[in-house]
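Here's structure.csv, which has CSV, C-alpha atoms:
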```csv
chain,number,residue,atom,x,y,z
V,121,MET,CA,0.0,0.0,0.0
V,122,GLN,CA,1.4,3.4,-1.0
V,123,SER,CA,1.5,6.1,1.6
V,124,THR,CA,0.0,9.5,1.1
V,125,PRO,CA,2.6,12.1,0.1
V,126,ARG,CA,3.2,14.7,2.8
V,127,PHE,CA,4.7,18.2,2.8
V,128,PRO,CA,8.2,18.7,4.3
V,129,GLU,CA,8.2,20.0,7.8
V,130,ALA,CA,9.5,23.5,6.7
V,131,ASP,CA,6.5,23.8,4.3
V,132,LEU,CA,4.0,22.8,7.0
V,133,GLU,CA,5.5,25.4,9.3
V,134,ALA,CA,5.2,28.1,6.6
V,135,LEU,CA,1.6,27.0,5.9
V,136,GLU,CA,0.7,27.2,9.5
V,137,ARG,CA,2.0,30.8,9.6
V,138,ALA,CA,0.4,31.8,6.3
V,139,ARG,CA,-2.8,33.9,6.6
V,140,LEU,CA,-3.7,33.2,3.0
V,141,LEU,CA,-2.8,30.4,0.7
V,142,ARG,CA,-3.0,30.9,-3.1
V,143,VAL,CA,-4.6,27.9,-4.8
V,144,ARG,CA,-5.2,27.1,-8.4
V,145,ALA,CA,-7.1,24.1,-9.7
V,146,GLY,CA,-5.7,22.7,-13.0
V,147,THR,CA,-3.6,25.1,-15.1
V,148,GLU,CA,-6.3,27.2,-16.6
V,149,HIS,CA,-7.7,28.8,-13.5
V,150,ARG,CA,-6.3,31.8,-11.8
V,151,TYR,CA,-4.9,31.7,-8.3
V,152,THR,CA,-7.4,32.5,-5.5
V,153,GLY,CA,-6.5,33.3,-1.9
V,154,VAL,CA,-8.0,31.0,0.7
V,155,TRP,CA,-7.6,30.4,4.4
V,156,VAL,CA,-5.5,27.4,5.3
V,157,VAL,CA,-5.0,25.4,8.4
V,158,VAL,CA,-2.7,22.5,9.3
V,159,VAL,CA,-4.2,19.7,11.3
V,160,GLU,CA,-2.2,16.6,12.3
V,161,GLY,CA,0.4,17.5,9.6
V,162,ARG,CA,-2.3,17.7,7.0
V,163,VAL,CA,-2.9,20.9,4.9
V,164,LEU,CA,-6.7,21.7,4.8
V,165,VAL,CA,-8.7,24.3,3.0
V,166,ARG,CA,-12.4,25.0,3.0
V,167,SER,CA,-14.7,26.8,0.7
V,168,TRP,CA,-17.3,29.2,1.9
V,169,ASN,CA,-19.6,28.1,-0.9
V,170,ASP,CA,-19.7,25.6,-3.7
V,171,GLU,CA,-20.2,27.9,-6.7
V,172,PRO,CA,-20.1,26.2,-10.1
V,173,THR,CA,-17.2,28.4,-11.3
V,174,GLY,CA,-15.4,28.5,-7.9
V,175,TRP,CA,-12.0,27.1,-6.9
V,176,TYR,CA,-13.6,24.4,-4.7
V,177,ARG,CA,-15.7,22.9,-7.6
V,178,ALA,CA,-12.8,23.2,-10.0
V,179,PHE,CA,-10.7,21.1,-7.6
V,180,ARG,CA,-13.5,18.6,-7.2
V,181,GLU,CA,-13.7,18.2,-11.0
V,182,GLU,CA,-9.9,18.3,-11.6
V,183,PRO,CA,-8.0,17.5,-8.4
V,184,HIS,CA,-4.6,18.5,-9.8
V,185,GLY,CA,-3.4,22.0,-9.3
V,186,SER,CA,-0.9,24.1,-7.4
V,187,ILE,CA,-0.5,26.3,-4.4
V,188,SER,CA,1.7,29.3,-3.8
V,189,PHE,CA,3.0,30.5,-0.5
V,190,GLY,CA,6.0,32.6,0.3
V,191,THR,CA,8.3,32.2,-2.7
V,192,ARG,CA,7.2,28.6,-3.3
V,193,GLU,CA,4.8,27.2,-5.9
V,194,VAL,CA,4.0,23.5,-5.3
V,195,PRO,CA,2.0,21.1,-7.5
V,196,VAL,CA,-0.8,19.5,-5.4
V,197,VAL,CA,-3.6,17.1,-5.6
V,198,ALA,CA,-6.8,18.0,-3.7
V,199,ARG,CA,-8.7,15.2,-1.8
V,200,HIS,CA,-12.1,15.6,-0.4
V,201,VAL,CA,-12.1,15.1,3.4
V,202,ARG,CA,-14.7,12.5,4.4
V,203,SER,CA,-13.7,12.2,8.1
V,204,GLU,CA,-16.1,14.2,10.3
V,205,ARG,CA,-13.5,14.1,13.0
V,206,LEU,CA,-10.9,15.8,10.8
V,207,ARG,CA,-13.4,18.3,9.4
V,208,HIS,CA,-14.4,19.3,12.9
V,209,ALA,CA,-10.7,19.5,13.9
V,210,ALA,CA,-10.2,21.9,11.0
V,211,SER,CA,-13.1,24.0,12.3
V,212,LEU,CA,-11.4,24.3,15.6
V,213,ALA,CA,-8.1,25.1,13.9
V,214,TYR,CA,-9.7,27.9,11.9
V,215,ALA,CA,-11.1,29.3,15.2
V,216,GLU,CA,-7.6,29.2,16.8
V,217,LYS,CA,-5.8,30.7,13.8
V,218,TYR,CA,-8.2,33.4,12.6
V,219,VAL,CA,-9.0,35.3,15.8
V,220,THR,CA,-9.6,38.9,14.7
V,221,LYS,CA,-13.0,40.4,15.3
V,222,ALA,CA,-13.5,40.7,11.5
V,223,SER,CA,-12.7,37.0,11.1
V,224,GLY,CA,-15.4,35.9,13.6
V,225,LYS,CA,-18.3,35.8,11.1
V,226,TRP,CA,-16.2,33.6,8.7
V,227,VAL,CA,-14.9,31.3,11.4
V,228,ARG,CA,-18.5,30.7,12.7
V,229,GLY,CA,-19.7,30.2,9.1
V,230,PHE,CA,-16.9,27.7,8.4
V,231,ALA,CA,-18.1,25.6,11.4
V,232,GLU,CA,-21.6,25.1,9.9
V,233,PRO,CA,-22.1,21.5,8.8
V,234,GLY,CA,-22.8,22.4,5.2
V,235,ARG,CA,-19.5,24.3,5.0
V,236,GLU,CA,-17.5,21.8,7.0
V,237,LYS,CA,-18.3,19.3,4.1
V,238,ASN,CA,-16.5,21.7,1.7
V,239,THR,CA,-13.1,20.7,3.2
V,240,LEU,CA,-10.2,19.6,1.0
V,241,GLU,CA,-6.8,18.2,1.9
V,242,LEU,CA,-4.0,19.3,-0.3
V,243,VAL,CA,-1.1,16.9,-0.8
V,244,PRO,CA,2.1,17.3,-2.9
V,245,ALA,CA,1.6,15.9,-6.4
V,246,PRO,CA,3.6,12.7,-6.9
```
Go ahead and render the structure in this file as structure tokens.
Amino acid sequence: MQSTPRFPEADLEALERARLLRVRAGTEHRYTGVWVVVVEGRVLVRSWNDEPTGWYRAFREEPHGSISFGTREVPVVARHVRSERLRHAASLAYAEKYVTKASGKWVRGFAEPGREKNTLELVPAP
């Protein structure tokens, strides 16, 4: 059984510090800034909505893409997170990371069950 690719520790630390992560599904879409959390060494992103032309839907239809943070651009594969435990842990991680008053509305919204289901894990492309 092949193990899931993981980001190097230095990348995980940079992603934990990042306020925004730039994501791009495929090669035709533009980069979009999204909130990112790292839970149990896994890089997780969540969409506020599931718009037909949005980045989340694009990744669901074509899981290959790339992320950009700092000076790095990394090819990734997006995987839908099925684990309720991991999705809930991501909600808690968002609440711990994004603590400004202005972030409160978004953090609470991200914790709603419908939005928790819009969670993707990003892994380095093989």
>> I want to know what sits within 9 Å of Gly161 (chain V), based on all atoms listed in the file, with residues of the same chain fewer than 4 positions away left out; could you give that as number ranges by chain?
In response: V: 126-127, 129, 132
Create the file for the chosen residues now, containing C-alpha atoms and written as a compact mmCIF listing (two decimals), keeping the file's coordinate frame.
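What follows is the written file selection.txt:
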```
# COMPACT_ATOMS: atom_id res chain seq x y z
CA ARG V 126 3.20 14.70 2.80
CA PHE V 127 4.70 18.20 2.80
CA GLU V 129 8.20 20.00 7.80
CA LEU V 132 4.00 22.80 7.00
```
> What is the distance between CA of Asp170 (chain V) and CA of Arg235 (chain V), in Å to one decimal?
Replying inline: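 The value is 8.8 Å.
Note that the spacing between CA of Gly146 (chain V) and CA of Arg192 (chain V) amounts to 17.2 Å.
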>> Measuring between all atoms listed in the file, which one of V:Arg144, V:Arg137, V:His208, V:Arg202 shows the shortest distance to Glu241 (chain V)?
In response: V:Arg202
> His184 (chain V): which residues within 9 Å, counting all atoms listed in the file, same-chain residues fewer than 4 positions away excluded, as JSON, numbers by chain?
Replying inline: {"V": [144, 145, 146, 147, 179, 195, 196, 197, 198, 245]}
> What does the distance from CA of His149 (chain V) to CA of Arg228 (chain V) come to in Å, to one decimal?
Replying inline: 28.4 Å
Give one line per residue of region 202-246 of chain V that approaches region 164-169 of chain V to at most 10 Å, naming the two atoms of the closest pair and their distance in Å to one decimal, counting all atoms listed in the file; sort by chain then ascending residue number and deliver it as JSON lines.
```
{"residue": "V:Leu206", "atom": "CA", "partner": "V:Leu164", "partner_atom": "CA", "distance": 9.4}
{"residue": "V:Arg207", "atom": "CA", "partner": "V:Leu164", "partner_atom": "CA", "distance": 8.8}
{"residue": "V:Ala210", "atom": "CA", "partner": "V:Leu164", "partner_atom": "CA", "distance": 7.1}
{"residue": "V:Ser211", "atom": "CA", "partner": "V:Arg166", "partner_atom": "CA", "distance": 9.4}
{"residue": "V:Ala213", "atom": "CA", "partner": "V:Leu164", "partner_atom": "CA", "distance": 9.8}
{"residue": "V:Tyr214", "atom": "CA", "partner": "V:Val165", "partner_atom": "CA", "distance": 9.7}
{"residue": "V:Trp226", "atom": "CA", "partner": "V:Trp168", "partner_atom": "CA", "distance": 8.2}
{"residue": "V:Gly229", "atom": "CA", "partner": "V:Trp168", "partner_atom": "CA", "distance": 7.7}
{"residue": "V:Phe230", "atom": "CA", "partner": "V:Trp168", "partner_atom": "CA", "distance": 6.7}
{"residue": "V:Glu232", "atom": "CA", "partner": "V:Trp168", "partner_atom": "CA", "distance": 10.0}
{"residue": "V:Gly234", "atom": "CA", "partner": "V:Asn169", "partner_atom": "CA", "distance": 8.9}
{"residue": "V:Arg235", "atom": "CA", "partner": "V:Trp168", "partner_atom": "CA", "distance": 6.2}
{"residue": "V:Glu236", "atom": "CA", "partner": "V:Arg166", "partner_atom": "CA", "distance": 7.2}
{"residue": "V:Lys237", "atom": "CA", "partner": "V:Arg166", "partner_atom": "CA", "distance": 8.3}
{"residue": "V:Asn238", "atom": "CA", "partner": "V:Arg166", "partner_atom": "CA", "distance": 5.4}
{"residue": "V:Thr239", "atom": "CA", "partner": "V:Arg166", "partner_atom": "CA", "distance": 4.4}
{"residue": "V:Leu240", "atom": "CA", "partner": "V:Val165", "partner_atom": "CA", "distance": 5.3}
{"residue": "V:Glu241", "atom": "CA", "partner": "V:Leu164", "partner_atom": "CA", "distance": 4.5}
{"residue": "V:Leu242", "atom": "CA", "partner": "V:Leu164", "partner_atom": "CA", "distance": 6.2}
{"residue": "V:Val243", "atom": "CA", "partner": "V:Leu164", "partner_atom": "CA", "distance": 9.3}
```
>> I'd like to know which of V:Phe189, V:Gly174, V:Pro125, V:Pro183 is closest to Arg162 (chain V), using all atoms listed in the file.
In response: V:Pro125
> Any idea what's packed within 7 Å of Val154 (chain V), counting only C-alpha atoms, ignoring anything in its chain fewer than 3 positions away? Could you give it as a PyMOL selection string?
Replying inline: chain V and resi 140-142
> Which of these residues is nearest to Gly153 (chain V), using only C-alpha atoms: V:Ala178, V:Ile187, V:Ala222, V:Ala231?
Replying inline: V:Ile187
> Near Glu216 (chain V), counting all atoms listed in the file, which residues have an atom at most 12 Å away, once you skip same-chain residues fewer than 6 positions from it, shown as a ChimeraX atom specification?
Replying inline: /V:136,156-159,209-210,223-224,227-228
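Remark: for Thr124 (chain V), the closest of the candidate residues V:Lys217, V:Arg139, V:Lys225, V:Arg199 is V:Arg199 (distances computed over all atoms listed in the file).
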Please output region 190-203 of chain V, rebuilt to include N, CA and C atoms, as an mmCIF file, keeping the file's coordinate frame.
```cif
data_model
loop_
_atom_site.group_PDB
_atom_site.id
_atom_site.type_symbol
_atom_site.label_atom_id
_atom_site.label_comp_id
_atom_site.auth_asym_id
_atom_site.auth_seq_id
_atom_site.Cartn_x
_atom_site.Cartn_y
_atom_site.Cartn_z
ATOM 1 N N GLY V 190 4.643 32.115 0.199
ATOM 2 C CA GLY V 190 6.000 32.600 0.300
ATOM 3 C C GLY V 190 6.558 32.761 -1.153
ATOM 4 N N THR V 191 7.705 32.188 -1.366
ATOM 5 C CA THR V 191 8.300 32.200 -2.700
ATOM 6 C C THR V 191 8.141 30.861 -3.405
ATOM 7 N N ARG V 192 7.358 29.983 -2.804
ATOM 8 C CA ARG V 192 7.200 28.600 -3.300
ATOM 9 C C ARG V 192 5.921 28.449 -4.123
ATOM 10 N N GLU V 193 6.013 27.662 -5.184
ATOM 11 C CA GLU V 193 4.800 27.200 -5.900
ATOM 12 C C GLU V 193 4.972 25.685 -5.985
ATOM 13 N N VAL V 194 3.943 24.988 -5.505
ATOM 14 C CA VAL V 194 4.000 23.500 -5.300
ATOM 15 C C VAL V 194 2.833 22.878 -6.049
ATOM 16 N N PRO V 195 3.096 21.908 -6.937
ATOM 17 C CA PRO V 195 2.000 21.100 -7.500
ATOM 18 C C PRO V 195 1.326 20.292 -6.442
ATOM 19 N N VAL V 196 -0.006 20.255 -6.467
ATOM 20 C CA VAL V 196 -0.800 19.500 -5.400
ATOM 21 C C VAL V 196 -1.868 18.695 -6.076
ATOM 22 N N VAL V 197 -2.387 17.798 -5.257
ATOM 23 C CA VAL V 197 -3.600 17.100 -5.600
ATOM 24 C C VAL V 197 -4.568 17.342 -4.407
ATOM 25 N N ALA V 198 -5.806 17.668 -4.729
ATOM 26 C CA ALA V 198 -6.800 18.000 -3.700
ATOM 27 C C ALA V 198 -7.652 16.687 -3.483
ATOM 28 N N ARG V 199 -7.873 16.402 -2.215
ATOM 29 C CA ARG V 199 -8.700 15.200 -1.800
ATOM 30 C C ARG V 199 -9.799 15.708 -0.904
ATOM 31 N N HIS V 200 -11.008 15.266 -1.202
ATOM 32 C CA HIS V 200 -12.100 15.600 -0.400
ATOM 33 C C HIS V 200 -11.984 14.927 0.998
ATOM 34 N N VAL V 201 -12.192 15.671 2.075
ATOM 35 C CA VAL V 201 -12.100 15.100 3.400
ATOM 36 C C VAL V 201 -13.408 14.530 3.829
ATOM 37 N N ARG V 202 -13.438 13.229 4.014
ATOM 38 C CA ARG V 202 -14.700 12.500 4.400
ATOM 39 C C ARG V 202 -14.831 12.409 5.905
ATOM 40 N N SER V 203 -13.727 12.424 6.622
ATOM 41 C CA SER V 203 -13.700 12.200 8.100
ATOM 42 C C SER V 203 -14.380 13.393 8.803
#
```
